[in-house]
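K.L.:
Please read through the structure below; I'll follow up with questions.
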Amino acid sequence: MQTKDISHLLDFVVDRLEVGIFAVDVEMRIVLWNHFMASHSGKHSEDLLGKNLFEAFPELPNEWLKKKINNVFILKNYAFTSWEQRPYIFQFQHNRPITGGVDTMQQSCTFLPVKNTQDEVEYVCITLFDFTDTAIFQQQLNRVIEALKIEKAEQLQLSKTLEEAQNQLMQSEKMSSIGQLAAGVAHEINNPIGYVYSNLGTLEKYVQDVFGMIDLYEQAESAITDEATRVRIKEAREKLDMEFLKEDLRALMNESKDGITRVKKIVQNLKNFSRVDAFDEWCFSNLHQGLDSTLNIVNNEIKYKADLIKEYGDIPEVECLSSQLNQVFMNLLVNSAHAIEERGTITIRTGMREKEVWVEVADTGKGIAPEHIKKIFDPFFTTKPIGKGTGLGLSLSYGIVQKHHGRIEVQSEVGKGATFRVWLPVRKPQGKQA
Amino acid sequence: MLTKDQRDALQEIANIGMGQAGEVIARVLNEFVTLSIPRVLILKPNLIAPALQRIVNSEAVSAVRQAFHGNLRGEALVLFGAQRCNDLAGLMGYEEKIDHATEMEILLDISNILVGACLGGIAKQVNADIGFSAPSLMADHVPVNEILKISDVSWECALLLEVNFKLEKLSFACHLIILMPENELKTFAGKIDRFMEAF
């Protein structure tokens, strides 16, 4: 092939290649403008050759592009731009007039130093590659990745919720087993307590009888004629300190009876609390009784922190799962006691409105911060120090009250205290699953 | 790998190359630039990452990678520490607001200039003809030990050439690292020999 032919071939390839090719000299005059550039810009080679690039295309990023081209002249080295950082240099229409997808042809460019024989850069030739397809593909890919990310986050949230539910279930199961255990223990203790209590009664009577007998003997002492026997009896009585013994025996009996009575009461409270007789069964119960037995159980938590005020209203018996409601009352009372830092007051009120009764536990503690109010029924939410609260009490209470088709209302002012009011329908709504 | 003479010669070649590079970069940026004396190391793969950690004394780095090919083949890395190069925007003719994409474009451009000038300087000394691929972003603000995960490589050791680059006025600094695998090093050693013979 002759040089002339090769030159013609090169000219043709440069002109017709599906790549934008153009070149400028050091004055930024256009010296080459191929067909790709012409057809996309609408400006033809014959009109542009010799013209300043920036005068012909004033919309180009003037300062930056001038600097970029100049650097190639100075550095005698390639420079590049990528569509990822700079989507385009020339605002050309993309090659997707039908299918669309992007606004402008996405371009990656190479700036090539064209050197003469003296190794000086005479021109900078810029090739412009159409990356629109890649860009669209990338866009789709990013969308898919974004969707996957969202899905993953949702799944994470879901498994977290599941875990919470499971934990709550476990906790409530634990509570119910504790209740059953307590009921069992109460039942077992009740029998021996029963006969110890009744034996004590008999014992007291026997002791009284024996002392009466001894009194009679003492009165008859003077009738003993044998001097030696009289002295022996006197010495024995003084040695035993009979007077103190009589006195103390009575005191001991009374204390024992008192102690046994207290044990009986505690057992009764435990039974009431766990309702051993009707475990988890709906029946009409006296809420005041439930409150009182709960109070007896948590008394130790409260008595050093707060003075208790009861303002019981006139309320009917409520159809409920009383052992579970007692758990709710216990939670509210213990929370109130924990909220009081020095010493305060806990007020328990009850009342009724239409077909609903309410039980209110109000304290003069430190209150609940507004940002926490929304979260207090969330499982594991707690502001108590580690080891003091599980963050499950209120969430469980909430669940129990929901089961009763009731609701819990909270009012609180930071520094003043908090009031929890549990509303319960007197009768369980019919046809609704508990 | 390289004889002592070859190593000395390479150091010399690198010194001259960097000198020329510094001059041309200064002309491009219109700022006074400092290039450190290049440090030449030959390292086993597992020592590359620790070397990078030593070079960039920063927790998170951004990195640009650019390949060179022709008579010499290898890859160049440019590592940027915590400080970003937004201050250079003005020198590079940016007028618009600097968003993340622009910031990345500046990283790429600065890297291209450094790699081109420094490698060009070296190639010229040994009469090698090299071309460059477009630079690509390798890491954007990631821990330095994560940028180069060399797990399965076919080479046993590589040449690492380190140059630190500083712009006094803008308190900007970055690190250029040229890496060439073992087998390419043999070609390079031949070029170095010819360079020595010329004296």
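Each chain in the structure tokens gets a letter, A, B, ..., in the order shown, and its residues are numbered from 1; ligands are numbered from 1 in order too.
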Enumerate the residues of range 246-352 of chain A with a DSSP assignment of strand (DSSP E or B), computed from the backbone, and present them as JSON, numbers by chain.

P.N.:
{"A": [283, 284, 285, 306, 307, 308, 309, 310, 311, 318, 319, 320, 344, 345, 346, 347, 348, 349, 350, 351, 352]}

K.L.:
With 12 Å as the cut-off and only C-alpha atoms counted, what is the closest atom pair between each nearby residue of chain B and chain A? Distances in Å to one decimal, ordered by chain and number, as a Markdown table.

P.N.:
```
| residue | atom | partner | partner_atom | distance |
| --- | --- | --- | --- | --- |
| B:Gln20 | CA | A:Leu75 | CA | 10.4 |
| B:Ala21 | CA | A:Leu75 | CA | 8.7 |
| B:Gly22 | CA | A:Leu75 | CA | 10.8 |
| B:Glu23 | CA | A:Leu75 | CA | 10.0 |
| B:Val24 | CA | A:Leu75 | CA | 6.3 |
| B:Ile25 | CA | A:Leu75 | CA | 7.5 |
| B:Ala26 | CA | A:Ile74 | CA | 10.3 |
| B:Arg27 | CA | A:Ile74 | CA | 7.5 |
| B:Val28 | CA | A:Asn71 | CA | 5.8 |
| B:Leu29 | CA | A:Asn71 | CA | 8.8 |
| B:Asn30 | CA | A:Asn71 | CA | 11.0 |
| B:Gln66 | CA | A:Phe80 | CA | 11.2 |
| B:Phe68 | CA | A:Tyr78 | CA | 11.3 |
| B:Ala89 | CA | A:Trp64 | CA | 9.4 |
| B:Gly90 | CA | A:Trp64 | CA | 9.3 |
| B:Leu91 | CA | A:Lys67 | CA | 8.7 |
| B:Met92 | CA | A:Trp64 | CA | 6.4 |
| B:Gly93 | CA | A:Trp64 | CA | 4.1 |
| B:Tyr94 | CA | A:Trp64 | CA | 5.4 |
| B:Glu95 | CA | A:Glu63 | CA | 7.4 |
| B:Glu96 | CA | A:Pro61 | CA | 9.4 |
| B:Ile98 | CA | A:Gln85 | CA | 11.6 |
| B:Asp99 | CA | A:Gln85 | CA | 9.9 |
| B:His100 | CA | A:Gln85 | CA | 8.5 |
| B:Ala101 | CA | A:Gln85 | CA | 4.7 |
| B:Thr102 | CA | A:Gln85 | CA | 6.3 |
| B:Glu103 | CA | A:Gln85 | CA | 8.6 |
| B:Met104 | CA | A:Gln85 | CA | 6.7 |
| B:Glu105 | CA | A:Gln85 | CA | 5.6 |
| B:Ile106 | CA | A:Gln85 | CA | 9.3 |
| B:Leu107 | CA | A:Gln85 | CA | 10.5 |
| B:Leu108 | CA | A:Phe80 | CA | 8.5 |
| B:Asp109 | CA | A:Ala79 | CA | 7.4 |
| B:Ile110 | CA | A:Ala79 | CA | 10.0 |
| B:Ser111 | CA | A:Ala79 | CA | 10.1 |
| B:Asn112 | CA | A:Ala79 | CA | 6.6 |
| B:Ile113 | CA | A:Leu75 | CA | 7.6 |
| B:Leu114 | CA | A:Leu75 | CA | 9.8 |
| B:Val115 | CA | A:Asn77 | CA | 9.7 |
| B:Gly116 | CA | A:Asn77 | CA | 6.1 |
| B:Ala117 | CA | A:Leu75 | CA | 6.6 |
| B:Cys118 | CA | A:Leu75 | CA | 10.3 |
| B:Leu119 | CA | A:Asn77 | CA | 10.3 |
| B:Gly120 | CA | A:Asn77 | CA | 7.9 |
| B:Gly121 | CA | A:Leu75 | CA | 10.3 |
| B:Lys124 | CA | A:Asp119 | CA | 11.4 |
| B:Asp129 | CA | A:Asn77 | CA | 11.9 |
| B:Ile130 | CA | A:Asn77 | CA | 10.2 |
| B:Gly131 | CA | A:Tyr78 | CA | 8.2 |
| B:Phe132 | CA | A:Tyr78 | CA | 7.2 |
| B:Ser133 | CA | A:Phe80 | CA | 8.9 |
| B:Ala134 | CA | A:Phe80 | CA | 5.9 |
| B:Pro135 | CA | A:Phe80 | CA | 7.6 |
| B:Ser136 | CA | A:Ser82 | CA | 8.9 |
| B:Leu137 | CA | A:Glu84 | CA | 10.2 |
```

K.L.:
How would the residues just chosen look if you wrote them out with C-alpha atoms as a short mmCIF file (atom, residue, chain, number, x, y, z; two decimals), in the first residue's frame?

P.N.:
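Generated file (selection.cif):
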```
data_model
loop_
_atom_site.label_atom_id
_atom_site.label_comp_id
_atom_site.auth_asym_id
_atom_site.auth_seq_id
_atom_site.Cartn_x
_atom_site.Cartn_y
_atom_site.Cartn_z
CA GLN B 20 12.24 16.76 36.20
CA ALA B 21 8.81 15.76 37.42
CA GLY B 22 8.88 18.36 40.19
CA GLU B 23 9.70 21.08 37.72
CA VAL B 24 6.93 20.17 35.33
CA ILE B 25 4.34 19.74 38.11
CA ALA B 26 5.26 23.15 39.47
CA ARG B 27 4.60 24.60 36.04
CA VAL B 28 1.24 22.90 35.82
CA LEU B 29 0.05 23.90 39.28
CA ASN B 30 1.84 27.25 39.46
CA GLN B 66 -3.22 3.78 37.46
CA PHE B 68 1.36 1.82 33.01
CA ALA B 89 -9.63 22.89 42.99
CA GLY B 90 -8.65 26.47 42.25
CA LEU B 91 -5.32 25.41 40.77
CA MET B 92 -7.10 22.97 38.49
CA GLY B 93 -9.48 25.55 37.05
CA TYR B 94 -12.62 24.54 38.95
CA GLU B 95 -15.12 27.31 39.33
CA GLU B 96 -18.19 25.42 40.47
CA ILE B 98 -16.99 21.18 44.95
CA ASP B 99 -19.26 18.18 45.41
CA HIS B 100 -18.19 14.61 46.02
CA ALA B 101 -17.86 13.72 42.34
CA THR B 102 -15.72 16.80 41.71
CA GLU B 103 -13.57 15.93 44.68
CA MET B 104 -13.00 12.47 43.23
CA GLU B 105 -12.24 13.98 39.82
CA ILE B 106 -9.57 16.17 41.41
CA LEU B 107 -8.04 13.11 43.12
CA LEU B 108 -7.94 11.31 39.80
CA ASP B 109 -6.49 14.28 37.97
CA ILE B 110 -3.80 14.99 40.54
CA SER B 111 -2.88 11.32 40.51
CA ASN B 112 -2.69 11.30 36.72
CA ILE B 113 -0.38 14.31 36.77
CA LEU B 114 1.90 12.83 39.43
CA VAL B 115 2.07 9.37 37.91
CA GLY B 116 2.57 10.73 34.42
CA ALA B 117 5.28 13.16 35.43
CA CYS B 118 7.20 10.86 37.77
CA LEU B 119 7.00 7.72 35.67
CA GLY B 120 7.55 9.76 32.55
CA GLY B 121 10.71 11.12 34.16
CA LYS B 124 12.83 8.98 29.81
CA ASP B 129 8.27 4.08 25.90
CA ILE B 130 5.27 3.78 28.20
CA GLY B 131 1.56 4.44 28.01
CA PHE B 132 -0.99 4.90 30.73
CA SER B 133 -4.46 3.59 31.36
CA ALA B 134 -7.08 5.91 32.76
CA PRO B 135 -6.72 6.27 36.53
CA SER B 136 -9.42 4.68 38.64
CA LEU B 137 -10.59 5.23 42.15
#
```

K.L.:
How many Å separate CA of Gln139 in chain A from CA of Asn95 in chain A?

P.N.:
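Distance reported for this atom pair: 16.5 Å.
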
K.L.:
Restricting the calculation to only C-alpha atoms, which member of A:Asn300, A:Gln430, A:Gln157, A:Asn34 is positioned closest to Leu128 in chain A?

P.N.:
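For Leu128 in chain A, the nearest of the given residues is A:Asn34.
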
K.L.:
One number please: CA of Ala183 in chain A to CA of Ser322 in chain A, in Å, one decimal.

P.N.:
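We find that CA of Ala183 in chain A and CA of Ser322 in chain A lie 13.8 Å from each other.
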